[in-house]
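Raw model16.cif, mmCIF, C-alpha atoms:
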data_work
loop_
_atom_site.label_atom_id
_atom_site.label_comp_id
_atom_site.auth_asym_id
_atom_site.auth_seq_id
_atom_site.Cartn_x
_atom_site.Cartn_y
_atom_site.Cartn_z
CA THR A 1221 -8.63 29.91 4.93
CA GLU A 1222 -6.37 27.63 2.93
CA PRO A 1223 -5.59 24.24 4.46
CA LYS A 1224 -2.01 23.74 5.52
CA VAL A 1225 0.21 21.47 3.45
CA ASP A 1226 0.63 19.08 6.40
CA GLU A 1227 -3.13 18.78 6.77
CA MET A 1228 -3.55 18.09 3.06
CA ASN A 1229 -0.80 15.46 3.20
CA ARG A 1230 -2.52 13.74 6.14
CA LYS A 1231 -5.84 13.74 4.29
CA LEU A 1232 -4.23 12.36 1.15
CA PHE A 1233 -2.44 9.64 3.14
CA ARG A 1234 -5.72 8.67 4.86
CA TYR A 1235 -7.49 8.44 1.51
CA LEU A 1236 -4.71 6.38 -0.08
CA ASN A 1237 -4.74 4.08 2.95
CA PHE A 1238 -8.51 3.66 2.62
CA TYR A 1239 -8.31 3.15 -1.16
CA ASN A 1240 -5.56 0.52 -1.00
CA PHE A 1241 -6.18 -1.26 2.32
CA VAL A 1242 -9.92 -0.94 3.06
CA ARG A 1243 -12.02 -0.31 -0.06
CA PRO A 1244 -12.86 -3.43 -2.11
CA HIS A 1245 -12.54 -2.93 -5.88
CA GLN A 1246 -14.97 -4.52 -8.31
CA GLY A 1247 -12.22 -5.00 -10.91
CA LEU A 1248 -10.18 -6.99 -8.37
CA GLY A 1249 -12.97 -9.40 -7.49
CA TYR A 1250 -14.10 -7.23 -4.56
CA LYS A 1251 -10.70 -7.43 -2.91
CA THR A 1252 -8.52 -4.52 -1.87
CA PRO A 1253 -5.40 -3.76 -3.93
CA VAL A 1254 -3.27 -4.91 -0.99
CA GLU A 1255 -5.13 -8.23 -0.75
CA LYS A 1256 -4.65 -8.79 -4.47
CA PHE A 1257 -0.99 -7.84 -4.25
CA GLU A 1258 -0.44 -10.20 -1.30
CA GLU A 1259 -1.98 -13.01 -3.39
CA TYR A 1260 0.48 -12.21 -6.16
CA ILE A 1261 3.43 -12.19 -3.75
CA LYS A 1262 2.45 -15.58 -2.33
CA LYS A 1263 2.28 -17.03 -5.87
CA HIS A 1264 5.55 -15.41 -6.97
CA GLN A 1265 7.94 -15.76 -4.05
CA GLY A 1266 10.87 -14.62 -6.22
CA VAL A 1267 9.49 -11.08 -6.12
CA HIS A 1268 10.50 -10.76 -2.44
CA HIS A 1269 14.01 -9.49 -3.05
CA VAL A 1270 12.90 -6.94 -5.67
CA LEU A 1271 10.46 -5.36 -3.27
CA ASN A 1272 13.02 -5.22 -0.47
CA GLU A 1273 15.66 -3.59 -2.67
CA ASN A 1274 13.50 -0.65 -3.73
CA ASN A 1275 13.23 0.63 -0.13
CA PHE A 1276 9.55 1.44 -0.50
CA LEU A 1277 7.54 -1.76 -0.27
CA THR A 1278 8.65 -4.62 1.90
CA PHE A 1279 6.91 -7.86 2.79
CA GLU A 1280 7.18 -8.65 6.48
CA LYS A 1281 5.38 -11.37 8.41
CA SER A 1282 2.77 -11.88 5.65
CA HIS A 1283 1.83 -8.18 5.65
CA LEU A 1284 2.82 -5.28 3.47
CA PHE A 1285 4.81 -2.63 5.26
CA PHE A 1286 5.16 0.92 3.96
CA PRO A 1287 8.07 2.63 5.69
CA LYS A 1288 7.45 6.23 6.66
CA THR A 1289 8.79 8.60 4.03
CA ASN A 1290 9.05 12.35 3.94
CA PRO A 1291 6.79 13.78 1.22
#
Translate this file's structure into structure tokens.
Amino acid sequence: TEPKVDEMNRKLFRYLNFYNFVRPHQGLGYKTPVEKFEEYIKKHQGVHHVLNENNFLTFEKSHLFFPKTNP
């Protein structure tokens, strides 16, 4: 049977979460993309307002926050 769209979306979300938050990347010095991005944010504090205005990525309490969106 074909997987349901909701199930596929959950699996894709889990993989993207793993890829960006858990899996270290050789090209990023064995850091996750989120760790590397947080380093960038800390070095470039002026980026804060840009991220908050796009309503997708926000930086709250030293952590990245991805608001729930409807696919």
Got a sec to resolve the PyMOL selection byres ((chain A and resi 1254) around 10) on this structure and send the residues as an mmCIF file with C-alpha atoms, in the coordinates of the input?
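Written file, out39.cif:
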data_model
loop_
_atom_site.group_PDB
_atom_site.id
_atom_site.type_symbol
_atom_site.label_atom_id
_atom_site.label_comp_id
_atom_site.auth_asym_id
_atom_site.auth_seq_id
_atom_site.Cartn_x
_atom_site.Cartn_y
_atom_site.Cartn_z
ATOM 1 C CA ASN A 1237 -4.740 4.080 2.950
ATOM 2 C CA TYR A 1239 -8.310 3.150 -1.160
ATOM 3 C CA ASN A 1240 -5.560 0.520 -1.000
ATOM 4 C CA PHE A 1241 -6.180 -1.260 2.320
ATOM 5 C CA VAL A 1242 -9.920 -0.940 3.060
ATOM 6 C CA ARG A 1243 -12.020 -0.310 -0.060
ATOM 7 C CA PRO A 1244 -12.860 -3.430 -2.110
ATOM 8 C CA LYS A 1251 -10.700 -7.430 -2.910
ATOM 9 C CA THR A 1252 -8.520 -4.520 -1.870
ATOM 10 C CA PRO A 1253 -5.400 -3.760 -3.930
ATOM 11 C CA GLU A 1255 -5.130 -8.230 -0.750
ATOM 12 C CA LYS A 1256 -4.650 -8.790 -4.470
ATOM 13 C CA PHE A 1257 -0.990 -7.840 -4.250
ATOM 14 C CA GLU A 1258 -0.440 -10.200 -1.300
ATOM 15 C CA GLU A 1259 -1.980 -13.010 -3.390
ATOM 16 C CA TYR A 1260 0.480 -12.210 -6.160
ATOM 17 C CA HIS A 1283 1.830 -8.180 5.650
ATOM 18 C CA LEU A 1284 2.820 -5.280 3.470
#
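Atom CA of A:His1264 sits 25.6 Å away from atom CA of A:Phe1238.
Between atom CA of A:Lys1231 and atom CA of A:His1245 lies a distance of 20.6 Å.
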